[in-house]
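To start, the structure itself, in structure tokens.
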There are 2 protein chains.
Amino acid sequence: MIAAAMGVRPADLVLEDASLFNPFTASWDKGSLAIKNGLILGIGDYEGIKTRDCSGQYIVPGLIDAHVHIESSLLTPPEYARLVALHGTTTVIADPHEIANVAGRDGIDYMLAARQNAAIDIRYMLPSCVPATPADVGGAVLDAADLQQFLGRDGILGLGEMMNVPGVLAADRAVAGKLALSSIRDGHAPGLSGKLLNAYIFAGLQSDHECTTGAEAEEKLKKGMYLYIREGSAEQNIESLISLVTPATVSRCCFATDDCHADLLMEDGHIDRCIRKAVACGLDSGLAIRMATLSPADRFGLADRGALAPGRRADLCIIDDPEKFVVREVFVTGAAVTAASPAPQPAFPPTIRCSPSGPVTIRITGHGMARVIGLVPGQVVTESLRYDCNGDDIPDLGRDILKVVVCSRYRDLPAGVGLVHGFGFRDGAIACSISHDAHNIVAAGTSDDVIRSAIREVINAQGAMVAITGSEISVLPLDCAGLMSTLPYEEVVRRLKDLHAVTGRMGGIENPFMYLSFLALTVIPSLRITNRGVFDCTRFLDVPLFIE
Amino acid sequence: MIAAAMGVRPADLVLEDASLFNPFTASWDKGSLAIKNGLILGIGDYEGIKTRDCSGQYIVPGLIDAHVHIESSLLTPPEYARLVALHGTTTVIADPHEIANVAGRDGIDYMLAARQNAAIDIRYMLPSCVPATPADVGGAVLDAADLQQFLGRDGILGLGEMMNVPGVLAADRAVAGKLALSSIRDGHAPGLSGKLLNAYIFAGLQSDHECTTGAEAEEKLKKGMYLYIREGSAEQNIESLISLVTPATVSRCCFATDDCHADLLMEDGHIDRCIRKAVACGLDSGLAIRMATLSPADRFGLADRGALAPGRRADLCIIDDPEKFVVREVFVTGAAVTAASPAPQPAFPPTIRCSPSGPVTIRITGHGMARVIGLVPGQVVTESLRYDCNGDDIPDLGRDILKVVVCSRYRDLPAGVGLVHGFGFRDGAIACSISHDAHNIVAAGTSDDVIRSAIREVINAQGAMVAITGSEISVLPLDCAGLMSTLPYEEVVRRLKDLHAVTGRMGGIENPFMYLSFLALTVIPSLRITNRGVFDCTRFLDVPLFIE
């Protein structure tokens with residue numbers, strides 16, 4: 001190989017006369033790029049067994065996502081990789097937080113096995129918060145000793161986003177034990193500032209992807225955190241934050257998608273979409289490309305990628321125009337990525353262990369001033385509303401008050417039942433086995449019967465997204481841990497569209513599943529629902545539906 | 001400590017109302033810096049057990065030298081640290097290449113022990129080229145297995161400058177074995193370019209400190225090498241290279257001093273001097289400070305320093321004015337550095353093992369066209385000159401041809417004897433036990449008697465720099481491996497001045513010891529002298545003094 005780099009032996013492939021992006025200088029050079037055995041030999045006058053004229057084309061290093069939960073795409077890792085590879089992504093740093101909440105170490109093992117035959121390089125950060133909170137127990141509890149068993153395994157890079165900010169600040173022993181596992185530690189500290197942020201960073205957290213304002217991001221950057229600027233399906237921060245990226249700061253800034261559904265990935269792209277958005281918001285395209293390549297490679301100590309330089313992986317994208325950044329072709333370790341048909345995927349053992357008939361009852365008895373969860377358009381936060389209600393009068397379509405139900409997927413327990421305002425359904429129900437972070441089954445609808453039918457469909461499919469109205473039933477099976485589908489991504493996207501068409505006919509808001517899947521997340525204000533019933537996030541305790 | 005970072009407990013010390021340098025943005029912020037137990041708690045409104053008003057003052061992170069041979073200072077590590085700490089240096093990345101050539105693993109062990117009570121943090125790169133070449137055998141041979149024994153020891157950071165470029169390019173197994181030892185590998189490739197440079201980088205070398213032209217440095221930077229811009233006693237590259245440092249490239253650029261004598265360090269400074277020089281050459285002072293702080297910290301994976309940020313070492317300098325960059329006060333892990341008196345230092349076992357009487361004979365017999373080493377003012381390279389000479393007529397003061405002698409310090413062997421042009425001495429001799437890289441004893445002078453006297457002084461002192469003229473004898477003892485003095489640095493500098501005064505009275509050029517110490521270095525063109533005699537560096541072989 002060294003002889004090949006010297007030009008004494010021929011390269012496998014030479015991409016000739018291209019404009020090559022140099023992230024070390026954030027500039028473009030003309031040259032020919034030589035590749036052998038999946039690695040870059042160098043740029044220069046090389047002979048190749050194959051050559052290809054790339055004049056007029058631009059080549060950039062393969063794109064890197066600094067923080068993503070693959071489960072959120074609804075795709076398994078190989079299908080996710082098959083999809084994002086076409087958009088130029090060649091490495092993702094993923095936190096298998098969702099499957100770990102469902103299936104613990106078995107879930108992480110599955111994700112590690114699934115990376116083996118993926119089209120891109122998937123590296124994992126160990127999920128640091130399973131369960132996310134003591135109030136939110138799902139299918140597993142992972143302590144430092146559990147996580148330690150993964151250290152040193154191929155594909156494990158460090159410790160994933162530490163969301164337990166109170167635990168960090170209280171110097172909780174269990175949290176400290178997790179922080180001590182790795183020297184690469186991702187943070188998660190929305191809104192934290194001042195001395196509390198100092199303490200959080202002091203404890204060892206090195207990055208943040210939760211900034212929503214320029215001031216928040218600037219403080220974190222200045223205090224030494226790596227800034228992952230997030231652009232996902234739900235949270236979109238590029239527009240607010242991108243002005244912080246300058247030649248002086250770009251080495252500390254990366255892109256992250258965090259949570260991105262398959263349809264967005266297929267239709268709008270992945271990190272290529274982030275680059276386009278950043279450029280549209282005024283960022284220099286060279287800085288945007290560096291953010292997507294060398295900066296995350298350096299941040300994670302992946303010195304073998306992130307640049308078109310000797311000895312690095314031949315991960316690269318061919319584009320027509322740096323300003324438009326449409327990816328034409330992608331190479332991963334020197335091989336062209338094709339829109340290959342999906343490989344068969346291993347099944348995941350059943351994770352839905354409650355009775356197939358669903359909860360025995362979801363009836364609301366009683367009346368009075370009720371706590372009602374209020375959806376906020378475009379937000380994950382909810383409002384804590386109060387309505388005078390009678391259990392027997394629900395649904396109250398006039399006031400848009402529907403029943404919402406959470407039933408444990410892990411064992412037969414009474415269901416938690418509450419009220420929600422804002423879905424706007426005139427008919428039918430939706431149910432889902434994705435429900436952050438415990439991933440119980442959550443459903444909302446216009447009658448007990450249709451809610452229970454939707455829940456039973458989820459259980460029967462071993463996890464699914466379901467919409468029912470009248471005689472119409474639309475199901476996206478999520479047979480892998482109730483989170484991901486083993487279907488090819490094209491089919492997942494088709495079924496997502498079908499689901500949305502059905503919920504549209506139900507008269508509801510757009511993306512109702514997004515809201516539904518966060519209704520049980522106890523860490524974000526204000527009011528939530530768990531399998532125990534209504535939960536007050538501000539006081540962090542279970543509360544009765546009717547105010548006494 | 002986390003409670004202290006939150007401000008719940010008081011800090012040990014708060015430096016109040018200073019202008020604080022932020023390397024993440026290369027800009028200044030007003031604020032108060034809180035310190036406890038040697039670490040930075042953060043910037044903010046903190047209470048301290050001690051406070052200090054720093055209004056009007058500028059605070060920067062402690063300075064870092066990315067590549068230095070401490071031995072070249074003539075000081076032992078604790079004395080070196082005591083000196084450079086006063087100039088704001090708080091971390092150096094040192095390659096104990098010189099002592100390793102003399103004493104092998106014992107030499108590295110000594111340097112590791114000597115860092116323990118040093119005023120700054122000294123980290124070592126393992127010397128990769130001992131001996132420097134097969135032609136240049138000194139006191140030790142270190143192979144990969146020898147070096148491996150140091151891995152994981154406190155203070156060991158990676159593999160030091162790989163000078164064996166031909167070995168790298170030939171994929172030599174012994175070289176490859178050394179490169180495999182660590183993921184942090186410093187390079188050394190003066191003048192290498194094009195596909196040969198690609199191959200050198202491909203093999204795993206990540207940095208270079210040998211660039212002398214902007215074009216060379218730009219090529220290396222663009223190919224992914226970290227650029228250590230060097231400013232030492234002999235080699236001064238800031239002026240030629242500094243225009244390459246921009247906001248976009250600064251994260252890949254560091255300062256290095258490589259070889260710096262004690263007198264330069266004491267009188268002109270260390271990395272602070274590099275910053276002043278860079279600013280004088282037009283570099284923005286913020287970029288210069290970032291080059292000296294965060295950039296080397298990141299390059300070496302030292303995430304615990306390089307910035308005034310929570311959780312990092314409280315290594316810092318107080319300066320009056322960023323443009324002038326005069327260091328007023330220095331803190332290392334939160335404690336103010338004082339001009340403390342030196343601690344007693346352990347002795348190093350004898351390394352000069354030849355007979356105390358020196359070589360039996362250094363007479364030149366014969367005559368004819370002789371190969372004469374020609375000194376080049378201000379350069380380490382030599383010319384290969386030819387003069388018609390008679391051995392009995394040396395010295396030839398009219399043509400400035402003196403005798404030069406190399407005698408093995410390791411065993412009794414016949415001395416190598418040659419001729420040198422350019423010292424300009426009218427009288428006397430100089431001798432030295434520093435002689436790159438084998439560090440035999442090298443001497444030059446105006447008569448056999450005075451040369452032999454000078455050599456005997458070196459042997460008697462167990463290593464020294466010696467100048468003799470008439471009845472004057474000036475000696476700087478280098479009792480530590482014949483390379484470093486255990487004297488306090490102030491005394492070393494005094495004796496250096498005395499030596500230079502004597503050599504001045506001998507009528508010679510300035511800094512004759514610098515030239516003398518490189519006369520045996522077989523890797524740099526053109527003509528050299530070893531203990532075997534004259535050496536042709538272009539053909540890489542021993543040659544007779546007289547051309548046959």
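Letters for chains follow the order of the structure tokens (A, B, ...), residue numbers begin at 1 for each chain, and ligand numbers begin at 1 in the order shown.
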Q | All residues 8 Å or closer to range 21-37 of chain B, only C-alpha atoms, same chain fewer than 2 positions away omitted, as a ChimeraX atom specification | A | /A:221-222,224,248-249,252 /B:1,4,11-19,39-46,48,58-61,286-287,289-290,293-294,306-308,314,333-334
Can you write out as JSON lines which residues of chain B fall within 6 Å of chain A, alongside each residue's closest atom pair and its distance in Å to one decimal, counting only C-alpha atoms and ordering rows by chain and ascending residue number?
{"residue": "B:Ile2", "atom": "CA", "partner": "A:Ala199", "partner_atom": "CA", "distance": 5.3}
{"residue": "B:Ala5", "atom": "CA", "partner": "A:Ala199", "partner_atom": "CA", "distance": 4.7}
{"residue": "B:Met6", "atom": "CA", "partner": "A:Lys195", "partner_atom": "CA", "distance": 4.8}
{"residue": "B:Phe24", "atom": "CA", "partner": "A:Lys222", "partner_atom": "CA", "distance": 5.9}
{"residue": "B:Thr25", "atom": "CA", "partner": "A:Thr249", "partner_atom": "CA", "distance": 5.6}
{"residue": "B:Gly42", "atom": "CA", "partner": "A:Asn198", "partner_atom": "CA", "distance": 5.5}
{"residue": "B:Lys195", "atom": "CA", "partner": "A:Met6", "partner_atom": "CA", "distance": 4.8}
{"residue": "B:Leu196", "atom": "CA", "partner": "A:Met6", "partner_atom": "CA", "distance": 5.1}
{"residue": "B:Asn198", "atom": "CA", "partner": "A:Gly42", "partner_atom": "CA", "distance": 5.5}
{"residue": "B:Ala199", "atom": "CA", "partner": "A:Ala5", "partner_atom": "CA", "distance": 4.6}
{"residue": "B:Ile201", "atom": "CA", "partner": "A:Pro310", "partner_atom": "CA", "distance": 5.9}
{"residue": "B:Phe202", "atom": "CA", "partner": "A:Gly311", "partner_atom": "CA", "distance": 4.1}
{"residue": "B:Lys222", "atom": "CA", "partner": "A:Phe24", "partner_atom": "CA", "distance": 5.9}
{"residue": "B:Lys223", "atom": "CA", "partner": "A:Ala309", "partner_atom": "CA", "distance": 5.3}
{"residue": "B:Pro247", "atom": "CA", "partner": "A:Ala248", "partner_atom": "CA", "distance": 4.6}
{"residue": "B:Ala248", "atom": "CA", "partner": "A:Pro247", "partner_atom": "CA", "distance": 4.6}
{"residue": "B:Thr249", "atom": "CA", "partner": "A:Thr25", "partner_atom": "CA", "distance": 5.6}
{"residue": "B:Ala309", "atom": "CA", "partner": "A:Lys223", "partner_atom": "CA", "distance": 5.3}
{"residue": "B:Pro310", "atom": "CA", "partner": "A:Phe202", "partner_atom": "CA", "distance": 4.8}
{"residue": "B:Gly311", "atom": "CA", "partner": "A:Phe202", "partner_atom": "CA", "distance": 4.1}
Q: Could you check which of B:Glu216, B:Asp449, B:Asp263, B:Asp542 is closest to Glu490 in chain B, using only C-alpha atoms?
A: B:Asp263
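Residue neighbourhood of Ala256 in chain B, excluding near-sequence residues (fewer than 4 positions): Asp65, Ala66, His67, Tyr228, Ile229 and Arg230 of chain B, at 6 Å, using only C-alpha atoms.
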Q: Identify, on the basis of only C-alpha atoms, every residue whose closest approach to Ile242 in chain B does not exceed 9 Å; exclude the query and any residue fewer than 6 positions from it along the same chain; express the result as a ChimeraX atom specification.
A: /B:214,229,278,281-283
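Residues within 6 Å of range 522-531 of chain B, counting only C-alpha atoms and excluding same-chain residues fewer than 3 positions away, are Ile373, Val381, Thr382, Glu383, Ser384, Val406, Cys407, Ser408, Ala415, Gly416, Leu519, Val534, Phe535, Asp536 and Cys537 of chain B.
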Q. Mind checking DSSP for range 149-204 of chain B and telling me the alpha helix (DSSP H) residues as a VMD selection string?
A. chain B and resid 165 to 169 173 to 179 194 to 202
